[in-house]
Amino acid sequence: MRKVKQLLAIVLLFTTAFTKAQDAVGYQTPPKEIADLLLAKPTPGVSVDSKAEWMILSERNSYPTVEELGQPEIKTAGLRLNPNNFSTSRNAYINNFYLKNIKSGKEFKLIGLPANLLAQHLSWNPSETKFAFTNTTGNRVDLYVVDIATQKVTKWNKEAVNNVLNTPYVWLDDNTILYKAASNFGKVFPKKPITPKGPTIQQSLGKVAPAATYQDLIKSPYDEAAFEFLATSQLIQNKNGVETKIGATNVLLSFQLSPDKKYLLTRTLRKPYSYLVTANEFASTVAITDLTGKVVKVLAELPSAEGRPSGYDNTQNVARAFDWRDDEPATITWAMPLDSGLIKKQVPHHDAVYALSSPFTGEPKELFKTVMRYQGTQWGDASIALVREISRTKQLNRVSRYNTSTNTLELLYERSANDAYNNPGVPVTTKNKFGRDVIAVIDNKLLMNNTVGSSPKGDMPFLAKFDLATKQNEIIWRCAEGKYESVVDVLNPTKLSLLVRKESQTEVPNYYLADLMLKIADRPITNFTNPYPALEGVSKQKVFYKRADGVDLTGDLYLPKGYNKDKDGPLPLLIWAYPREFNSAADAAQIRGSQYRFTTISWASPIFYVTQGYAVLDNAEMPIVATSADKKPNDDFVHQLQLNAEAAINKLSEMGVGDKNRVAVGGHSYGAFMTANLLAHTNLFKAGIARSGAYNRTLTPFGFQNEDRTYWQAPQLYYEMSPFSYADKIKTPILLIHGEMDDNTGTFPINSERLFAAIKGNGGTVRFVYLPYEAHSYRGKENLLHMLWEQNEWLNKYVKNAK
């Protein structure tokens, strides 16, 4: 009897231990201050016509319910699709539109707006007298047009819109729209057989075919059938309600109108569909058709991207970057590699760009060659175009002037992609005779708009004139110190009339009309109010500090309302970050962000916890810098993570605001990867929060982030950078959170599953929260509230109230 009792006691002990491993709680909600911040209604989006007469205001609800996320979904070809309405799922929708006349200030409700609006793809017509949008319902997508003068909303299409692949419609003229219709609408969706016809088989016959770790790929013949059923479309021309079919039904990936609006550049997908890459990289036919759908010229029969060589600057040895020239009626351009697609091949030029003009019967003409990999062209008038080149491996950007008469390139500037201080901005555009956006050239100068304006004083956006002769950038307007202002749009490049967005730490972002030539006071056109009253009184400052090897760092420090360090002492501290790689310490040390911006808050933000008595260091710089010319940044990854973290903790401790014995670290995605590494290799923290990370780099063997070496080229690096390799060292409590339907390349949910099991198996303290229906970016209201509750409970238990 005694042995039986002992056995029962042992069974009870193990049963209790097992049940505690699963904490089956229902949805919880965080403190009211946090919940109110999350659910605050965002300020409306704004779209202003080029004459500054009318403004469209777009309102969004805060977050959908988990039930809405749980609607039917097909995962195939790298896409997530709703089989009931021929649309992508998990979209961010606009839930209301209204108009405002800028001159009078009067606002207008729209007449006939669909109930329960789920709008996307807002687009003005050419003369800006109307705008269109799509509206998604449970069983179809429709196209609506709003007449600005009458504010009336009209359903425009007859056939159901196909919203599966890229933009579903385009304006042909003020009263005509081309749109993709769902060819299989009303037909029975393919039924998945219980017993398949046979096994799914893939094979490789000796061809090199590295591939990124994409999610939601085709895995079976049924997935192929489902994709084709949903993606097949019929292009239709709708002129004032009269519809005409254009060409035959097919799986149309994209279509673009020529500037003279006589031709279409189409890309149509072909079988066999790949099981290794997404729909955008399937085998395809690139062709030019007329507006009846008749094929005028087949430009290329492209293979799938399965054979693309690994390495970020490598490309397939085929034509790419097909596009219309904006400055000519109907001229198509494209690029071809001159190095067989292999960037390490020693050649004077790596790409050549060609052109072919209507009627597309002649031979292609070579326009120019590029020293680095060709990235694209921005067209101006007959005398100028700007050509962009890039080297992702070397972190270099180059912009050259293309002389259209001599077919030569003249270098204008080259800079490190991470050198924010020397970014001259983006050329301002104007409409040409075809209604296309082209570079505005005034007195041989480009008008450059830099909406960030990084500087040693923080971000200070500016407008400048770039002299094409001297290659110098002269700033003509800049955001004043102590505020944050940026040029949203240059309404008239000649008269320098602007649409400006202004904000400060205490002033909500609002929009103004400004005129630099008349020098009159800026005129406000919106009056949005603060959606986050709980953050009033919270202090924000940019803090500056150095790590042990001399690299300068910054972070955004938030302190609770009414906090006094002399009276209240150092606070528990939450550090939130995302690492970045740099080839240059000088680039890594540049100041990013502005302390003068109004604090807005999203579901992913750590700022919620400043309302709970924490000091929060957001955007804590975590640079990983190449230590020499023959080294890559990740060769010293873990060591530099530790240097960054130690510097941040020491700085806030020296300031007297952060308790160095009560510090948590957290991040999302690559920030979660950082968090797990810091807990595996240091004892700096009381707790960690890691959301939707990748923790075993062998699961991304062909590269990750900016690391272009493969696992087989650098196996030791992959091992040492993987916190999973050191799960037995993770003894600091870590909260793992992951969306069960993560769709991001590399961050498969198995990462968190296996790390949890490894830490648990080695006796660590870990909690794993699996959020139903969530992708890489979380959206469900109940899930988000619960996530914030979990984080708050974790921080309180292991940081604020830590022994």
# chains A, B, ... in the order shown; residues from 1 in each chain; ligands from 1
>>> residues_around(residues="segment 767-782 of chain A", least_positions_apart="4", cutoff="6 Å", atoms="only C-alpha atoms", output="PyMOL selection string")
chain A and resi 63-66+735-744
>>> write_last_selection(atoms="N, CA and C atoms", output="short mmCIF file (atom, residue, chain, number, x, y, z; two decimals), in the first residue's frame")
data_model
loop_
_atom_site.label_atom_id
_atom_site.label_comp_id
_atom_site.auth_asym_id
_atom_site.auth_seq_id
_atom_site.Cartn_x
_atom_site.Cartn_y
_atom_site.Cartn_z
N TYR A 63 -7.90 48.01 -35.56
CA TYR A 63 -7.45 46.66 -35.89
C TYR A 63 -8.66 45.75 -36.11
N PRO A 64 -8.55 44.78 -37.02
CA PRO A 64 -9.64 43.81 -37.21
C PRO A 64 -9.69 42.82 -36.06
N THR A 65 -10.81 42.11 -35.95
CA THR A 65 -10.93 41.08 -34.92
C THR A 65 -10.21 39.82 -35.38
N VAL A 66 -9.95 38.93 -34.44
CA VAL A 66 -9.35 37.64 -34.78
C VAL A 66 -10.29 36.85 -35.68
N LEU A 735 10.67 35.59 -23.16
CA LEU A 735 9.30 35.45 -23.64
C LEU A 735 9.34 35.37 -25.16
N LEU A 736 8.94 34.24 -25.71
CA LEU A 736 8.89 34.04 -27.16
C LEU A 736 7.45 34.21 -27.63
N ILE A 737 7.26 35.04 -28.66
CA ILE A 737 5.94 35.25 -29.24
C ILE A 737 6.08 35.06 -30.75
N HIS A 738 5.13 34.36 -31.35
CA HIS A 738 5.19 34.14 -32.79
C HIS A 738 3.78 34.02 -33.34
N GLY A 739 3.56 34.58 -34.53
CA GLY A 739 2.31 34.36 -35.23
C GLY A 739 2.32 32.96 -35.84
N GLU A 740 1.23 32.23 -35.67
CA GLU A 740 1.22 30.85 -36.15
C GLU A 740 1.22 30.77 -37.67
N MET A 741 0.94 31.88 -38.36
CA MET A 741 0.93 31.89 -39.83
C MET A 741 1.93 32.91 -40.36
N ASP A 742 3.10 32.96 -39.72
CA ASP A 742 4.16 33.88 -40.16
C ASP A 742 4.44 33.69 -41.65
N ASP A 743 4.42 34.78 -42.41
CA ASP A 743 4.61 34.71 -43.86
C ASP A 743 5.92 35.32 -44.32
N ASN A 744 6.79 35.68 -43.38
CA ASN A 744 8.03 36.35 -43.74
C ASN A 744 9.11 35.34 -44.14
#
>>> residues_around(residues="Leu641 of chain A", least_positions_apart="5", cutoff="9 Å", atoms="only C-alpha atoms", output="MDAnalysis selection string")
chainID A and resid 579 622:624 636 646 674 677:678
>>> write_last_selection(atoms="C-alpha atoms", output="PDB file, in the first residue's frame")
ATOM      1  CA  PRO A 579      20.585  45.476 -35.640  1.00  0.00           C
ATOM      2  CA  MET A 622      22.830  48.257 -32.705  1.00  0.00           C
ATOM      3  CA  PRO A 623      25.333  48.634 -35.561  1.00  0.00           C
ATOM      4  CA  ILE A 624      27.441  45.686 -36.654  1.00  0.00           C
ATOM      5  CA  ASP A 636      32.115  40.093 -35.311  1.00  0.00           C
ATOM      6  CA  GLU A 646      26.686  47.546 -22.562  1.00  0.00           C
ATOM      7  CA  MET A 674      19.364  39.959 -31.504  1.00  0.00           C
ATOM      8  CA  ASN A 677      21.763  36.179 -28.922  1.00  0.00           C
ATOM      9  CA  LEU A 678      22.229  38.749 -26.152  1.00  0.00           C
TER      10      LEU A 678
END
>>> closest_residue(among="A:Glu224, A:Glu481, A:Asp659, A:Glu793", to="Ile74 of chain A", atoms="only C-alpha atoms")
A:Glu224
>>> closest_residue(among="A:Lys502, A:Lys365, A:Arg373, A:His349", to="Arg320 of chain A", atoms="only C-alpha atoms")
A:Arg373
>>> closest_residue(among="A:Tyr578, A:Tyr374, A:Trp156, A:Phe598", to="Val665 of chain A", atoms="only C-alpha atoms")
A:Tyr578
>>> select_by_dssp(residues="segment 247-441 of chain A", states="strand (DSSP E or B)", output="PyMOL selection string")
chain A and resi 247-250+252-257+263-269+284-290+295-302+320-324+331-337+351-357+365-370+373-379+385-391+396-403+408-416+426-427+429-431+437-439+441
>>> closest_residue(among="A:Lys457, A:Arg140, A:Arg523, A:Lys567", to="Gln590 of chain A", atoms="only C-alpha atoms")
A:Lys457
>>> atom_distance(atom1="atom CA of Pro424 of chain A", atom2="atom CA of Asn450 of chain A")
6.8 Å
>>> closest_residue(among="A:Tyr421, A:Phe360, A:Tyr558, A:Phe582", to="Ser605 of chain A", atoms="only C-alpha atoms")
A:Tyr558
>>> select_by_dssp(residues="segment 373-597 of chain A", states="helix (DSSP H, G or I)", output="JSON, numbers by chain")
{"A": [533, 534, 535, 565, 566, 567, 568, 585, 586, 587, 588]}
>>> residues_around(residues="Phe637 of chain A", least_positions_apart="3", cutoff="12 Å", atoms="only C-alpha atoms", output="PyMOL selection string")
chain A and resi 579-582+622-627+631-634+640-644+673-674+677-678+681+707+717-723
>>> residues_around(residues="segment 426-429 of chain A", least_positions_apart="3", cutoff="7 Å", atoms="only C-alpha atoms", output="PDB file with C-alpha atoms, in the first residue's frame")
ATOM      1  CA  ASP A 437       5.741  61.961 -63.878  1.00  0.00           C
ATOM      2  CA  VAL A 438       9.128  63.126 -65.180  1.00  0.00           C
ATOM      3  CA  ILE A 439      12.067  64.961 -63.625  1.00  0.00           C
ATOM      4  CA  ALA A 440      11.504  68.713 -63.258  1.00  0.00           C
ATOM      5  CA  LEU A 446      17.061  69.580 -60.281  1.00  0.00           C
ATOM      6  CA  LEU A 447      14.707  70.263 -57.405  1.00  0.00           C
ATOM      7  CA  MET A 448      15.573  67.648 -54.744  1.00  0.00           C
ATOM      8  CA  ASN A 449      13.268  66.692 -51.881  1.00  0.00           C
ATOM      9  CA  ASN A 450      14.773  64.895 -48.882  1.00  0.00           C
TER      10      ASN A 450
END
>>> residues_around(residues="Lys262 of chain A", least_positions_apart="6", cutoff="9 Å", atoms="only C-alpha atoms", output="ChimeraX atom specification")
/A:289-291,329-330
>>> decode(residues="segment 413-429 of chain A", atoms="all heavy atoms", output="PDB file, in the first residue's frame")
ATOM      1  N   TYR A 413      26.699  61.570 -58.619  1.00  0.00           N
ATOM      2  CA  TYR A 413      27.168  61.321 -57.256  1.00  0.00           C
ATOM      3  C   TYR A 413      27.148  59.822 -56.963  1.00  0.00           C
ATOM      4  O   TYR A 413      26.390  59.053 -57.557  1.00  0.00           O
ATOM      5  CB  TYR A 413      26.347  62.077 -56.207  1.00  0.00           C
ATOM      6  CG  TYR A 413      24.853  61.845 -56.249  1.00  0.00           C
ATOM      7  CD1 TYR A 413      24.276  60.790 -55.550  1.00  0.00           C
ATOM      8  CD2 TYR A 413      24.018  62.698 -56.960  1.00  0.00           C
ATOM      9  CE1 TYR A 413      22.907  60.578 -55.569  1.00  0.00           C
ATOM     10  CE2 TYR A 413      22.647  62.498 -56.992  1.00  0.00           C
ATOM     11  CZ  TYR A 413      22.094  61.436 -56.294  1.00  0.00           C
ATOM     12  OH  TYR A 413      20.746  61.222 -56.327  1.00  0.00           O
ATOM     13  N   GLU A 414      28.025  59.430 -56.065  1.00  0.00           N
ATOM     14  CA  GLU A 414      28.099  58.064 -55.572  1.00  0.00           C
ATOM     15  C   GLU A 414      28.301  58.139 -54.065  1.00  0.00           C
ATOM     16  O   GLU A 414      29.106  58.937 -53.592  1.00  0.00           O
ATOM     17  CB  GLU A 414      29.264  57.313 -56.228  1.00  0.00           C
ATOM     18  CG  GLU A 414      29.404  55.868 -55.760  1.00  0.00           C
ATOM     19  CD  GLU A 414      30.535  55.131 -56.468  1.00  0.00           C
ATOM     20  OE1 GLU A 414      30.438  54.974 -57.710  1.00  0.00           O
ATOM     21  OE2 GLU A 414      31.508  54.746 -55.788  1.00  0.00           O
ATOM     22  N   ARG A 415      27.582  57.333 -53.337  1.00  0.00           N
ATOM     23  CA  ARG A 415      27.688  57.386 -51.883  1.00  0.00           C
ATOM     24  C   ARG A 415      27.373  56.031 -51.286  1.00  0.00           C
ATOM     25  O   ARG A 415      26.764  55.169 -51.929  1.00  0.00           O
ATOM     26  CB  ARG A 415      26.740  58.438 -51.300  1.00  0.00           C
ATOM     27  CG  ARG A 415      25.280  58.102 -51.464  1.00  0.00           C
ATOM     28  CD  ARG A 415      24.354  59.152 -50.875  1.00  0.00           C
ATOM     29  NE  ARG A 415      22.954  58.739 -51.005  1.00  0.00           N
ATOM     30  CZ  ARG A 415      22.305  58.009 -50.114  1.00  0.00           C
ATOM     31  NH1 ARG A 415      22.905  57.628 -49.005  1.00  0.00           N
ATOM     32  NH2 ARG A 415      21.052  57.669 -50.308  1.00  0.00           N
ATOM     33  N   SER A 416      27.790  55.856 -50.056  1.00  0.00           N
ATOM     34  CA  SER A 416      27.420  54.663 -49.320  1.00  0.00           C
ATOM     35  C   SER A 416      25.910  54.653 -49.100  1.00  0.00           C
ATOM     36  O   SER A 416      25.304  55.688 -48.805  1.00  0.00           O
ATOM     37  CB  SER A 416      28.141  54.636 -47.966  1.00  0.00           C
ATOM     38  OG  SER A 416      27.536  53.700 -47.099  1.00  0.00           O
ATOM     39  N   ALA A 417      25.318  53.495 -49.267  1.00  0.00           N
ATOM     40  CA  ALA A 417      23.874  53.377 -49.040  1.00  0.00           C
ATOM     41  C   ALA A 417      23.511  53.716 -47.601  1.00  0.00           C
ATOM     42  O   ALA A 417      22.358  54.068 -47.312  1.00  0.00           O
ATOM     43  CB  ALA A 417      23.415  51.964 -49.381  1.00  0.00           C
ATOM     44  N   ASN A 418      24.482  53.622 -46.678  1.00  0.00           N
ATOM     45  CA  ASN A 418      24.243  53.920 -45.266  1.00  0.00           C
ATOM     46  C   ASN A 418      24.695  55.324 -44.869  1.00  0.00           C
ATOM     47  O   ASN A 418      24.617  55.689 -43.698  1.00  0.00           O
ATOM     48  CB  ASN A 418      24.957  52.896 -44.387  1.00  0.00           C
ATOM     49  CG  ASN A 418      24.316  51.521 -44.483  1.00  0.00           C
ATOM     50  OD1 ASN A 418      23.096  51.399 -44.457  1.00  0.00           O
ATOM     51  ND2 ASN A 418      25.132  50.491 -44.614  1.00  0.00           N
ATOM     52  N   ASP A 419      25.179  56.099 -45.850  1.00  0.00           N
ATOM     53  CA  ASP A 419      25.617  57.466 -45.570  1.00  0.00           C
ATOM     54  C   ASP A 419      24.424  58.405 -45.729  1.00  0.00           C
ATOM     55  O   ASP A 419      24.205  59.003 -46.780  1.00  0.00           O
ATOM     56  CB  ASP A 419      26.743  57.864 -46.523  1.00  0.00           C
ATOM     57  CG  ASP A 419      27.227  59.292 -46.285  1.00  0.00           C
ATOM     58  OD1 ASP A 419      26.806  59.915 -45.287  1.00  0.00           O
ATOM     59  OD2 ASP A 419      28.022  59.795 -47.114  1.00  0.00           O
ATOM     60  N   ALA A 420      23.651  58.523 -44.655  1.00  0.00           N
ATOM     61  CA  ALA A 420      22.425  59.324 -44.713  1.00  0.00           C
ATOM     62  C   ALA A 420      22.721  60.817 -44.802  1.00  0.00           C
ATOM     63  O   ALA A 420      21.949  61.572 -45.398  1.00  0.00           O
ATOM     64  CB  ALA A 420      21.560  59.032 -43.490  1.00  0.00           C
ATOM     65  N   TYR A 421      23.839  61.280 -44.229  1.00  0.00           N
ATOM     66  CA  TYR A 421      24.146  62.706 -44.217  1.00  0.00           C
ATOM     67  C   TYR A 421      24.321  63.269 -45.630  1.00  0.00           C
ATOM     68  O   TYR A 421      24.001  64.434 -45.885  1.00  0.00           O
ATOM     69  CB  TYR A 421      25.425  62.980 -43.429  1.00  0.00           C
ATOM     70  CG  TYR A 421      25.303  62.812 -41.928  1.00  0.00           C
ATOM     71  CD1 TYR A 421      26.419  62.966 -41.110  1.00  0.00           C
ATOM     72  CD2 TYR A 421      24.091  62.502 -41.314  1.00  0.00           C
ATOM     73  CE1 TYR A 421      26.337  62.816 -39.728  1.00  0.00           C
ATOM     74  CE2 TYR A 421      24.000  62.351 -39.948  1.00  0.00           C
ATOM     75  CZ  TYR A 421      25.120  62.495 -39.154  1.00  0.00           C
ATOM     76  OH  TYR A 421      25.041  62.338 -37.796  1.00  0.00           O
ATOM     77  N   ASN A 422      24.857  62.473 -46.536  1.00  0.00           N
ATOM     78  CA  ASN A 422      25.152  62.950 -47.884  1.00  0.00           C
ATOM     79  C   ASN A 422      24.114  62.543 -48.914  1.00  0.00           C
ATOM     80  O   ASN A 422      24.380  62.584 -50.118  1.00  0.00           O
ATOM     81  CB  ASN A 422      26.542  62.468 -48.314  1.00  0.00           C
ATOM     82  CG  ASN A 422      27.640  63.197 -47.563  1.00  0.00           C
ATOM     83  OD1 ASN A 422      27.713  64.420 -47.574  1.00  0.00           O
ATOM     84  ND2 ASN A 422      28.486  62.436 -46.873  1.00  0.00           N
ATOM     85  N   ASN A 423      22.947  62.172 -48.445  1.00  0.00           N
ATOM     86  CA  ASN A 423      21.851  61.861 -49.358  1.00  0.00           C
ATOM     87  C   ASN A 423      21.277  63.176 -49.895  1.00  0.00           C
ATOM     88  O   ASN A 423      20.722  63.970 -49.131  1.00  0.00           O
ATOM     89  CB  ASN A 423      20.766  61.082 -48.627  1.00  0.00           C
ATOM     90  CG  ASN A 423      19.637  60.644 -49.541  1.00  0.00           C
ATOM     91  OD1 ASN A 423      19.554  61.066 -50.693  1.00  0.00           O
ATOM     92  ND2 ASN A 423      18.773  59.800 -49.027  1.00  0.00           N
ATOM     93  N   PRO A 424      21.388  63.432 -51.209  1.00  0.00           N
ATOM     94  CA  PRO A 424      20.921  64.721 -51.736  1.00  0.00           C
ATOM     95  C   PRO A 424      19.409  64.833 -51.852  1.00  0.00           C
ATOM     96  O   PRO A 424      18.878  65.921 -52.065  1.00  0.00           O
ATOM     97  CB  PRO A 424      21.572  64.785 -53.125  1.00  0.00           C
ATOM     98  CG  PRO A 424      21.706  63.356 -53.529  1.00  0.00           C
ATOM     99  CD  PRO A 424      21.996  62.591 -52.258  1.00  0.00           C
ATOM    100  N   GLY A 425      18.700  63.718 -51.725  1.00  0.00           N
ATOM    101  CA  GLY A 425      17.252  63.745 -51.863  1.00  0.00           C
ATOM    102  C   GLY A 425      16.795  63.068 -53.136  1.00  0.00           C
ATOM    103  O   GLY A 425      17.580  62.478 -53.888  1.00  0.00           O
ATOM    104  N   VAL A 426      15.515  63.189 -53.406  1.00  0.00           N
ATOM    105  CA  VAL A 426      14.884  62.567 -54.573  1.00  0.00           C
ATOM    106  C   VAL A 426      14.404  63.663 -55.512  1.00  0.00           C
ATOM    107  O   VAL A 426      13.791  64.643 -55.071  1.00  0.00           O
ATOM    108  CB  VAL A 426      13.695  61.686 -54.136  1.00  0.00           C
ATOM    109  CG1 VAL A 426      12.971  61.111 -55.338  1.00  0.00           C
ATOM    110  CG2 VAL A 426      14.179  60.575 -53.209  1.00  0.00           C
ATOM    111  N   PRO A 427      14.658  63.533 -56.827  1.00  0.00           N
ATOM    112  CA  PRO A 427      14.223  64.576 -57.761  1.00  0.00           C
ATOM    113  C   PRO A 427      12.711  64.785 -57.743  1.00  0.00           C
ATOM    114  O   PRO A 427      11.940  63.821 -57.761  1.00  0.00           O
ATOM    115  CB  PRO A 427      14.691  64.058 -59.119  1.00  0.00           C
ATOM    116  CG  PRO A 427      15.803  63.117 -58.811  1.00  0.00           C
ATOM    117  CD  PRO A 427      15.451  62.487 -57.503  1.00  0.00           C
ATOM    118  N   VAL A 428      12.301  66.034 -57.699  1.00  0.00           N
ATOM    119  CA  VAL A 428      10.891  66.388 -57.787  1.00  0.00           C
ATOM    120  C   VAL A 428      10.440  66.193 -59.230  1.00  0.00           C
ATOM    121  O   VAL A 428      11.198  66.441 -60.173  1.00  0.00           O
ATOM    122  CB  VAL A 428      10.684  67.836 -57.325  1.00  0.00           C
ATOM    123  CG1 VAL A 428       9.265  68.314 -57.614  1.00  0.00           C
ATOM    124  CG2 VAL A 428      11.006  67.960 -55.836  1.00  0.00           C
ATOM    125  N   THR A 429       9.216  65.746 -59.418  1.00  0.00           N
ATOM    126  CA  THR A 429       8.703  65.481 -60.760  1.00  0.00           C
ATOM    127  C   THR A 429       7.596  66.458 -61.151  1.00  0.00           C
ATOM    128  O   THR A 429       7.014  67.139 -60.297  1.00  0.00           O
ATOM    129  CB  THR A 429       8.171  64.046 -60.876  1.00  0.00           C
ATOM    130  OG1 THR A 429       7.077  63.884 -59.944  1.00  0.00           O
ATOM    131  CG2 THR A 429       9.258  63.038 -60.555  1.00  0.00           C
TER     132      THR A 429
END
